[in-house]
$ cat input15.pdb   # PDB, C-alpha atoms
ATOM      1  CA  MET A   1      14.421  12.601 -61.298
ATOM      2  CA  SER A   2      15.228  16.220 -60.580
ATOM      3  CA  ARG A   3      18.204  17.191 -58.450
ATOM      4  CA  LEU A   4      15.875  18.439 -55.682
ATOM      5  CA  ALA A   5      13.923  15.180 -55.635
ATOM      6  CA  LYS A   6      17.188  13.221 -55.448
ATOM      7  CA  ILE A   7      18.347  15.315 -52.497
ATOM      8  CA  ALA A   8      14.996  14.837 -50.750
ATOM      9  CA  THR A   9      15.135  11.073 -51.305
ATOM     10  CA  LEU A  10      18.691  10.850 -50.022
ATOM     11  CA  ALA A  11      17.868  13.018 -47.006
ATOM     12  CA  GLN A  12      14.900  10.831 -46.152
ATOM     13  CA  PHE A  13      17.056   7.743 -46.627
ATOM     14  CA  TYR A  14      19.613   8.986 -44.159
ATOM     15  CA  GLY A  15      16.944  10.145 -41.769
ATOM     16  CA  VAL A  16      17.908  13.789 -42.013
ATOM     17  CA  MET A  17      14.359  14.915 -42.694
ATOM     18  CA  ALA A  18      12.655  12.217 -40.701
ATOM     19  CA  ASN A  19      10.498  13.450 -37.865
ATOM     20  CA  ASP A  20      12.384  12.200 -34.846
ATOM     21  CA  PHE A  21       9.481  11.884 -32.460
ATOM     22  CA  PRO A  22       7.665   8.731 -31.375
ATOM     23  CA  GLU A  23       4.423   7.900 -33.147
ATOM     24  CA  ARG A  24       2.837   5.975 -30.298
ATOM     25  CA  VAL A  25       2.485   7.929 -27.063
ATOM     26  CA  LEU A  26       0.593   7.057 -23.892
ATOM     27  CA  ILE A  27      -0.438   9.904 -21.582
ATOM     28  CA  VAL A  28      -1.332   8.962 -18.002
ATOM     29  CA  ASP A  29      -2.862  11.708 -15.861
ATOM     30  CA  ASP A  30      -6.018  11.870 -13.743
ATOM     31  CA  GLU A  31      -6.772  15.422 -14.879
ATOM     32  CA  PRO A  32      -8.473  15.531 -18.304
ATOM     33  CA  HIS A  33      -7.322  19.079 -19.101
ATOM     34  CA  ILE A  34      -3.682  18.115 -18.509
ATOM     35  CA  ARG A  35      -4.103  15.096 -20.781
ATOM     36  CA  SER A  36      -5.578  17.350 -23.479
ATOM     37  CA  TYR A  37      -2.714  19.821 -23.109
ATOM     38  CA  LEU A  38      -0.063  17.104 -23.376
ATOM     39  CA  LYS A  39      -1.916  15.484 -26.254
ATOM     40  CA  LEU A  40      -1.798  18.772 -28.130
ATOM     41  CA  ILE A  41       1.951  19.096 -27.532
ATOM     42  CA  VAL A  42       2.859  15.557 -28.630
ATOM     43  CA  SER A  43       0.507  15.603 -31.615
ATOM     44  CA  GLU A  44       2.090  18.822 -32.850
ATOM     45  CA  ALA A  45       5.482  17.189 -32.390
ATOM     46  CA  GLY A  46       4.484  14.333 -34.657
ATOM     47  CA  ALA A  47       2.834  11.629 -32.547
ATOM     48  CA  THR A  48      -0.025  10.019 -34.453
ATOM     49  CA  ASP A  49      -1.261   7.287 -32.124
ATOM     50  CA  ILE A  50      -1.957   8.910 -28.749
ATOM     51  CA  LYS A  51      -3.760   7.060 -25.999
ATOM     52  CA  GLU A  52      -4.889   8.451 -22.652
ATOM     53  CA  ALA A  53      -5.408   6.872 -19.249
ATOM     54  CA  GLY A  54      -6.696   8.474 -16.059
ATOM     55  CA  ASP A  55      -5.657   5.784 -13.581
ATOM     56  CA  SER A  56      -3.126   3.042 -13.033
ATOM     57  CA  ALA A  57      -5.312   0.131 -14.116
ATOM     58  CA  ASN A  58      -6.091   1.698 -17.487
ATOM     59  CA  ALA A  59      -2.504   2.812 -17.881
ATOM     60  CA  LEU A  60      -1.180  -0.732 -17.625
ATOM     61  CA  LEU A  61      -3.895  -2.152 -19.870
ATOM     62  CA  LEU A  62      -3.276   0.478 -22.512
ATOM     63  CA  TYR A  63       0.473   0.010 -22.249
ATOM     64  CA  GLN A  64       0.163  -3.677 -23.023
ATOM     65  CA  HIS A  65      -2.308  -3.034 -25.848
ATOM     66  CA  GLN A  66      -0.709  -0.020 -27.525
ATOM     67  CA  GLU A  67       2.966  -0.731 -26.801
ATOM     68  CA  PRO A  68       3.742   2.996 -26.788
ATOM     69  CA  GLN A  69       7.211   4.245 -27.626
ATOM     70  CA  LEU A  70       6.893   7.059 -25.109
ATOM     71  CA  VAL A  71       4.885   7.278 -21.870
ATOM     72  CA  LEU A  72       4.119  10.546 -20.084
ATOM     73  CA  LEU A  73       3.270   9.476 -16.553
ATOM     74  CA  ASP A  74       1.857  11.663 -13.799
ATOM     75  CA  PHE A  75       3.392  10.998 -10.377
ATOM     76  CA  ASN A  76       0.281  11.659  -8.295
ATOM     77  CA  LEU A  77      -2.489   9.366  -9.388
ATOM     78  CA  PRO A  78      -5.462   7.934  -7.519
ATOM     79  CA  GLY A  79      -4.685   4.455  -6.250
ATOM     80  CA  GLU A  80      -1.176   3.422  -7.183
ATOM     81  CA  ASP A  81       1.210   6.335  -7.568
ATOM     82  CA  GLY A  82       3.260   6.987 -10.675
ATOM     83  CA  LEU A  83       6.400   5.408  -9.249
ATOM     84  CA  ALA A  84       4.617   2.076  -8.731
ATOM     85  CA  ILE A  85       3.262   2.221 -12.288
ATOM     86  CA  LEU A  86       6.716   3.091 -13.619
ATOM     87  CA  GLU A  87       8.119  -0.002 -11.913
ATOM     88  CA  ARG A  88       5.360  -2.174 -13.316
ATOM     89  CA  ILE A  89       5.816  -0.830 -16.833
ATOM     90  CA  LEU A  90       9.569  -1.429 -16.645
ATOM     91  CA  ALA A  91       8.980  -4.934 -15.295
ATOM     92  CA  HIS A  92       6.859  -5.555 -18.389
ATOM     93  CA  ASP A  93       9.248  -3.818 -20.792
ATOM     94  CA  ALA A  94      12.725  -2.945 -19.537
ATOM     95  CA  ASN A  95      13.300  -0.667 -22.544
ATOM     96  CA  ALA A  96      10.199   1.471 -21.984
ATOM     97  CA  CYS A  97      10.760   5.199 -22.336
ATOM     98  CA  VAL A  98       8.850   6.782 -19.471
ATOM     99  CA  VAL A  99       8.903  10.482 -18.668
ATOM    100  CA  MET A 100       7.449  11.365 -15.279
ATOM    101  CA  MET A 101       5.375  14.498 -14.783
ATOM    102  CA  THR A 102       4.254  16.331 -11.688
ATOM    103  CA  ALA A 103       2.994  19.704 -10.530
ATOM    104  CA  VAL A 104       5.481  19.968  -7.671
ATOM    105  CA  ALA A 105       8.748  18.054  -7.720
ATOM    106  CA  SER A 106      10.774  17.208  -4.649
ATOM    107  CA  ARG A 107      14.390  16.093  -4.948
ATOM    108  CA  GLU A 108      13.562  12.798  -3.246
ATOM    109  CA  MET A 109      10.722  12.116  -5.686
ATOM    110  CA  VAL A 110      12.867  12.907  -8.739
ATOM    111  CA  GLU A 111      15.798  10.820  -7.519
ATOM    112  CA  LYS A 112      13.542   7.855  -6.782
ATOM    113  CA  CYS A 113      12.075   8.000 -10.283
ATOM    114  CA  ALA A 114      15.518   8.344 -11.869
ATOM    115  CA  ALA A 115      16.773   5.369  -9.861
ATOM    116  CA  ALA A 116      13.711   3.328 -10.815
ATOM    117  CA  GLY A 117      14.453   3.863 -14.507
ATOM    118  CA  ALA A 118      12.494   6.912 -15.651
ATOM    119  CA  GLN A 119      14.075   8.579 -18.669
ATOM    120  CA  ASN A 120      13.234  12.075 -17.522
ATOM    121  CA  TYR A 121      11.045  14.160 -15.251
ATOM    122  CA  ILE A 122       9.089  17.248 -16.199
ATOM    123  CA  ARG A 123       7.346  19.724 -13.968
ATOM    124  CA  LYS A 124       3.923  20.607 -15.312
ATOM    125  CA  ASP A 125       4.571  24.329 -14.928
ATOM    126  CA  THR A 126       7.420  24.101 -17.439
ATOM    127  CA  PRO A 127       6.798  26.247 -20.533
ATOM    128  CA  ARG A 128       5.355  24.365 -23.469
ATOM    129  CA  ASP A 129       8.369  24.750 -25.765
ATOM    130  CA  GLN A 130      10.651  23.483 -23.008
ATOM    131  CA  ILE A 131       8.407  20.455 -22.420
ATOM    132  CA  LEU A 132       8.642  19.661 -26.105
ATOM    133  CA  GLN A 133      12.405  20.182 -26.148
ATOM    134  CA  THR A 134      12.824  17.879 -23.138
ATOM    135  CA  LEU A 135      10.657  15.200 -24.746
ATOM    136  CA  ARG A 136      12.574  15.426 -28.030
ATOM    137  CA  SER A 137      15.979  15.228 -26.351
ATOM    138  CA  THR A 138      14.813  12.372 -24.117
ATOM    139  CA  TRP A 139      13.617  10.481 -27.144
ATOM    140  CA  ALA A 140      16.887  11.198 -28.917
ATOM    141  CA  GLY A 141      18.666   9.779 -25.871
ATOM    142  CA  ASP A 142      20.687  12.903 -25.277
ATOM    143  CA  ALA A 143      22.253  13.481 -21.922
ATOM    144  CA  GLU A 144      22.420  17.177 -22.708
ATOM    145  CA  GLU A 145      19.286  19.223 -23.202
TER     146      GLU A 145
ATOM    147  CA  MET B   1     -22.529  18.755  44.308
ATOM    148  CA  SER B   2     -24.891  18.594  41.381
ATOM    149  CA  SER B   3     -23.477  17.881  37.924
ATOM    150  CA  GLY B   4     -26.205  19.964  36.330
ATOM    151  CA  PRO B   5     -29.299  18.979  34.514
ATOM    152  CA  ALA B   6     -28.919  16.049  32.163
ATOM    153  CA  SER B   7     -29.692  16.583  28.489
ATOM    154  CA  PRO B   8     -33.196  15.545  27.665
ATOM    155  CA  GLU B   9     -33.346  12.244  25.835
ATOM    156  CA  VAL B  10     -35.181  12.431  22.548
ATOM    157  CA  PRO B  11     -37.060   9.217  22.016
ATOM    158  CA  GLY B  12     -35.841   7.213  19.027
ATOM    159  CA  VAL B  13     -32.601   9.232  18.618
ATOM    160  CA  LYS B  14     -29.361   7.842  19.995
ATOM    161  CA  SER B  15     -27.241  10.470  21.636
ATOM    162  CA  LEU B  16     -23.539  10.470  20.808
ATOM    163  CA  LYS B  17     -21.674   8.690  23.559
ATOM    164  CA  GLU B  18     -18.198   8.390  22.061
ATOM    165  CA  ALA B  19     -16.289   8.673  18.835
ATOM    166  CA  ARG B  20     -14.119   5.775  17.760
ATOM    167  CA  TYR B  21     -11.361   6.008  15.205
ATOM    168  CA  SER B  22      -9.605   3.193  13.506
ATOM    169  CA  LEU B  23      -5.900   3.253  14.366
ATOM    170  CA  LYS B  24      -5.148   1.560  11.062
ATOM    171  CA  GLU B  25      -6.979   4.275   9.106
ATOM    172  CA  LEU B  26      -5.366   7.044  11.132
ATOM    173  CA  LEU B  27      -1.901   5.618  10.463
ATOM    174  CA  GLN B  28      -2.738   5.329   6.767
ATOM    175  CA  GLU B  29      -3.761   8.997   6.732
ATOM    176  CA  VAL B  30      -0.513   9.978   8.434
ATOM    177  CA  GLU B  31       1.471   7.912   5.926
ATOM    178  CA  HIS B  32      -0.429   9.506   3.032
ATOM    179  CA  GLU B  33       0.253  12.982   4.429
ATOM    180  CA  ARG B  34       3.933  12.184   4.802
ATOM    181  CA  ARG B  35       4.198  10.843   1.280
ATOM    182  CA  HIS B  36       2.187  13.510  -0.500
ATOM    183  CA  SER B  37       2.717  16.659   1.500
ATOM    184  CA  VAL B  38       5.260  19.052   0.054
ATOM    185  CA  LEU B  39       5.888  20.666   3.436
ATOM    186  CA  GLY B  40       9.453  20.122   4.530
ATOM    187  CA  LEU B  41      10.525  18.687   1.187
ATOM    188  CA  GLU B  42      13.329  20.086  -0.894
ATOM    189  CA  LEU B  43      11.660  21.219  -4.080
ATOM    190  CA  VAL B  44      13.605  21.243  -7.312
ATOM    191  CA  ASP B  45      13.094  23.218 -10.497
ATOM    192  CA  GLN B  46      13.454  21.935 -14.059
ATOM    193  CA  GLY B  47      17.110  22.953 -14.167
ATOM    194  CA  GLU B  48      17.942  20.875 -11.099
ATOM    195  CA  ILE B  49      15.924  17.958 -12.457
ATOM    196  CA  ARG B  50      18.035  18.158 -15.625
ATOM    197  CA  THR B  51      21.177  18.020 -13.494
ATOM    198  CA  ILE B  52      19.921  14.963 -11.579
ATOM    199  CA  PHE B  53      19.244  13.094 -14.808
ATOM    200  CA  LYS B  54      22.451  14.285 -16.425
ATOM    201  CA  THR B  55      24.529  12.760 -13.651
ATOM    202  CA  ARG B  56      22.916   9.396 -14.269
ATOM    203  CA  ALA B  57      23.787   7.341 -17.302
ATOM    204  CA  ARG B  58      20.475   7.242 -19.089
ATOM    205  CA  ARG B  59      19.444   4.295 -21.161
ATOM    206  CA  LYS B  60      19.059   5.012 -24.834
ATOM    207  CA  PRO B  61      15.339   4.687 -25.558
ATOM    208  CA  ALA B  62      14.553   1.667 -27.708
ATOM    209  CA  LYS B  63      13.190   3.412 -30.788
ATOM    210  CA  ALA B  64      12.751   0.541 -33.190
ATOM    211  CA  LYS B  65       9.623  -1.310 -32.117
TER     212      LYS B  65
END
$ encode --input "input15.pdb" --output "structure tokens"
Amino acid sequence: MSRLAKIATLAQFYGVMANDFPERVLIVDDEPHIRSYLKLIVSEAGATDIKEAGDSANALLLYQHQEPQLVLLDFNLPGEDGLAILERILAHDANACVVMMTAVASREMVEKCAAAGAQNYIRKDTPRDQILQTLRSTWAGDAEE
Amino acid sequence: MSSGPASPEVPGVKSLKEARYSLKELLQEVEHERRHSVLGLELVDQGEIRTIFKTRARRKPAKAK
């Protein structure tokens, strides 16, 4: 085995070169173009199994079926709002990693989601690279971004 | 004193006598407006959102599934 191959093997073994992004991602948003946009971002980041839901009922069904490692959840959905879905997901799986998303964020809304157990909150008008950075750092469990 | 000529009745067409609204539905609309309207709410940008989450001890996401 060449020296380079040994280094690559060791690096992979220690997770240095591993792609630190979840493979299974669930995107919940009632707007198809937003789902497509987010799908593009997470697929470029390394997600391979991406599911989409446009409402709360499908979101919960897909969550139970796919068992995603990361959920991107819109706050304003028809029927149940994102906060109610967040609570239901966390009741099903207390370790779920859910990142809330919204077009306009109020302090009250963000604080409620944080208190309910969301891992992070992203405004949809955030630049693409910053969305990706926030998702990566959330997944890494960093307090700092 | 005359109240003026009455509107002619069109046979087979019911004229509108009153409009009734459901109090329950009206209250639901008001509640929806209060919950979803951004008027009067303190809006936060991504930097402030970061600060809110930074001040809370976040759970480490369970990666191994």
$ closest_residue --input "input15.pdb" --among "B:Lys54, B:Tyr21, B:His32, B:Leu43" --to "Gln119 in chain A" --atoms "all atoms listed in the file"
B:Lys54
$ resolve_selection --input "input15.pdb" --expression "the ChimeraX specification (/B :<8) & /A" --output "list in words"
Pro22, Gln69, Asn95, Ala96, Cys97, Val104, Ala105, Ser106, Arg107, Glu108, Val110, Glu111, Ala114, Gln119, Asn120, Tyr121, Ile122, Arg123, Thr126, Thr138, Trp139, Ala140, Gly141, Ala143, Glu144 and Glu145 of chain A
$ residues_around --input "input15.pdb" --residues "Asp29 in chain A" --least-positions-apart "2" --cutoff "6 Å" --atoms "all atoms listed in the file" --output "list in words"
Glu31, Gly54 and Asp74 of chain A
$ closest_residue --input "input15.pdb" --among "A:Ile27, A:Ile34, A:Ala103, A:Leu60" --to "Leu73 in chain A" --atoms "all atoms listed in the file"
A:Ile27
$ residues_near_point --input "input15.pdb" --point "(-6.2, 5.9, -17.9)" --cutoff "12 Å" --atoms "all atoms listed in the file" --output "number ranges by chain"
A: 26-32, 35, 51-63, 71-74, 77-79, 82, 85
$ atom_distance --input "input15.pdb" --atom1 "CA of Thr102 in chain A" --atom2 "CA of Arg128 in chain A"
14.3 Å
$ atom_distance --input "input15.pdb" --atom1 "CA of Leu40 in chain A" --atom2 "CA of Ala118 in chain A"
22.4 Å
$ axis_aligned_box --input "input15.pdb" --around "range 36-51 of chain B" --padding-each-side "6 Å" --output "lines of an AutoDock Vina configuration file"
center_x = 11.7
center_y = 18.4
center_z = -5.5
size_x = 31.0
size_y = 21.7
size_z = 32.2
$ closest_residue --input "input15.pdb" --among "A:Ala91, A:Val25, A:Ala45, A:Leu83" --to "Ala115 in chain A" --atoms "only C-alpha atoms"
A:Leu83
$ atom_distance --input "input15.pdb" --atom1 "CA of Leu38 in chain A" --atom2 "CA of Asp81 in chain A"
19.2 Å
$ build_atoms --input "input15.pdb" --residues "range 42-68 of chain A" --atoms "N, CA and C atoms" --output "PDB file, in the frame of the given file"
ATOM      1  N   VAL A  42       2.224  16.695 -27.944  1.00  0.00           N
ATOM      2  CA  VAL A  42       2.859  15.557 -28.630  1.00  0.00           C
ATOM      3  C   VAL A  42       2.304  15.369 -30.040  1.00  0.00           C
ATOM      4  N   SER A  43       1.040  15.750 -30.252  1.00  0.00           N
ATOM      5  CA  SER A  43       0.507  15.603 -31.615  1.00  0.00           C
ATOM      6  C   SER A  43       1.154  16.618 -32.542  1.00  0.00           C
ATOM      7  N   GLU A  44       1.406  17.809 -32.034  1.00  0.00           N
ATOM      8  CA  GLU A  44       2.090  18.822 -32.850  1.00  0.00           C
ATOM      9  C   GLU A  44       3.537  18.409 -33.131  1.00  0.00           C
ATOM     10  N   ALA A  45       4.087  17.641 -32.208  1.00  0.00           N
ATOM     11  CA  ALA A  45       5.482  17.189 -32.390  1.00  0.00           C
ATOM     12  C   ALA A  45       5.570  16.052 -33.388  1.00  0.00           C
ATOM     13  N   GLY A  46       4.453  15.384 -33.649  1.00  0.00           N
ATOM     14  CA  GLY A  46       4.484  14.333 -34.657  1.00  0.00           C
ATOM     15  C   GLY A  46       3.905  12.999 -34.226  1.00  0.00           C
ATOM     16  N   ALA A  47       3.437  12.889 -32.989  1.00  0.00           N
ATOM     17  CA  ALA A  47       2.834  11.629 -32.547  1.00  0.00           C
ATOM     18  C   ALA A  47       1.491  11.455 -33.254  1.00  0.00           C
ATOM     19  N   THR A  48       1.215  10.255 -33.705  1.00  0.00           N
ATOM     20  CA  THR A  48      -0.025  10.019 -34.453  1.00  0.00           C
ATOM     21  C   THR A  48      -0.980   9.075 -33.715  1.00  0.00           C
ATOM     22  N   ASP A  49      -0.428   8.238 -32.872  1.00  0.00           N
ATOM     23  CA  ASP A  49      -1.261   7.287 -32.124  1.00  0.00           C
ATOM     24  C   ASP A  49      -1.115   7.622 -30.634  1.00  0.00           C
ATOM     25  N   ILE A  50      -2.053   8.425 -30.137  1.00  0.00           N
ATOM     26  CA  ILE A  50      -1.957   8.910 -28.749  1.00  0.00           C
ATOM     27  C   ILE A  50      -3.104   8.324 -27.933  1.00  0.00           C
ATOM     28  N   LYS A  51      -2.742   7.638 -26.881  1.00  0.00           N
ATOM     29  CA  LYS A  51      -3.760   7.060 -25.999  1.00  0.00           C
ATOM     30  C   LYS A  51      -3.691   7.760 -24.638  1.00  0.00           C
ATOM     31  N   GLU A  52      -4.832   7.775 -23.950  1.00  0.00           N
ATOM     32  CA  GLU A  52      -4.889   8.451 -22.652  1.00  0.00           C
ATOM     33  C   GLU A  52      -5.444   7.517 -21.590  1.00  0.00           C
ATOM     34  N   ALA A  53      -4.885   7.622 -20.385  1.00  0.00           N
ATOM     35  CA  ALA A  53      -5.408   6.872 -19.249  1.00  0.00           C
ATOM     36  C   ALA A  53      -5.475   7.803 -18.046  1.00  0.00           C
ATOM     37  N   GLY A  54      -6.519   7.608 -17.227  1.00  0.00           N
ATOM     38  CA  GLY A  54      -6.696   8.474 -16.059  1.00  0.00           C
ATOM     39  C   GLY A  54      -6.334   7.800 -14.749  1.00  0.00           C
ATOM     40  N   ASP A  55      -6.034   6.493 -14.814  1.00  0.00           N
ATOM     41  CA  ASP A  55      -5.657   5.784 -13.581  1.00  0.00           C
ATOM     42  C   ASP A  55      -4.676   4.658 -13.908  1.00  0.00           C
ATOM     43  N   SER A  56      -4.185   4.032 -12.853  1.00  0.00           N
ATOM     44  CA  SER A  56      -3.126   3.042 -13.033  1.00  0.00           C
ATOM     45  C   SER A  56      -3.602   1.795 -13.776  1.00  0.00           C
ATOM     46  N   ALA A  57      -4.815   1.352 -13.478  1.00  0.00           N
ATOM     47  CA  ALA A  57      -5.312   0.131 -14.116  1.00  0.00           C
ATOM     48  C   ALA A  57      -5.394   0.307 -15.627  1.00  0.00           C
ATOM     49  N   ASN A  58      -5.984   1.432 -16.049  1.00  0.00           N
ATOM     50  CA  ASN A  58      -6.091   1.698 -17.487  1.00  0.00           C
ATOM     51  C   ASN A  58      -4.732   1.926 -18.114  1.00  0.00           C
ATOM     52  N   ALA A  59      -3.849   2.543 -17.358  1.00  0.00           N
ATOM     53  CA  ALA A  59      -2.504   2.812 -17.881  1.00  0.00           C
ATOM     54  C   ALA A  59      -1.800   1.508 -18.251  1.00  0.00           C
ATOM     55  N   LEU A  60      -1.869   0.530 -17.372  1.00  0.00           N
ATOM     56  CA  LEU A  60      -1.180  -0.732 -17.625  1.00  0.00           C
ATOM     57  C   LEU A  60      -1.851  -1.518 -18.753  1.00  0.00           C
ATOM     58  N   LEU A  61      -3.178  -1.471 -18.784  1.00  0.00           N
ATOM     59  CA  LEU A  61      -3.895  -2.152 -19.870  1.00  0.00           C
ATOM     60  C   LEU A  61      -3.536  -1.543 -21.218  1.00  0.00           C
ATOM     61  N   LEU A  62      -3.583  -0.210 -21.255  1.00  0.00           N
ATOM     62  CA  LEU A  62      -3.276   0.478 -22.512  1.00  0.00           C
ATOM     63  C   LEU A  62      -1.819   0.263 -22.913  1.00  0.00           C
ATOM     64  N   TYR A  63      -0.940   0.220 -21.928  1.00  0.00           N
ATOM     65  CA  TYR A  63       0.473   0.010 -22.249  1.00  0.00           C
ATOM     66  C   TYR A  63       0.657  -1.330 -22.968  1.00  0.00           C
ATOM     67  N   GLN A  64       0.011  -2.355 -22.428  1.00  0.00           N
ATOM     68  CA  GLN A  64       0.163  -3.677 -23.023  1.00  0.00           C
ATOM     69  C   GLN A  64      -0.487  -3.743 -24.405  1.00  0.00           C
ATOM     70  N   HIS A  65      -1.582  -3.001 -24.581  1.00  0.00           N
ATOM     71  CA  HIS A  65      -2.308  -3.034 -25.848  1.00  0.00           C
ATOM     72  C   HIS A  65      -1.631  -2.179 -26.919  1.00  0.00           C
ATOM     73  N   GLN A  66      -1.248  -0.971 -26.538  1.00  0.00           N
ATOM     74  CA  GLN A  66      -0.709  -0.020 -27.525  1.00  0.00           C
ATOM     75  C   GLN A  66       0.785  -0.192 -27.777  1.00  0.00           C
ATOM     76  N   GLU A  67       1.496  -0.671 -26.786  1.00  0.00           N
ATOM     77  CA  GLU A  67       2.966  -0.731 -26.801  1.00  0.00           C
ATOM     78  C   GLU A  67       3.548   0.621 -27.217  1.00  0.00           C
ATOM     79  N   PRO A  68       3.284   1.644 -26.416  1.00  0.00           N
ATOM     80  CA  PRO A  68       3.742   2.996 -26.788  1.00  0.00           C
ATOM     81  C   PRO A  68       5.264   3.106 -26.774  1.00  0.00           C
TER      82      PRO A  68
END
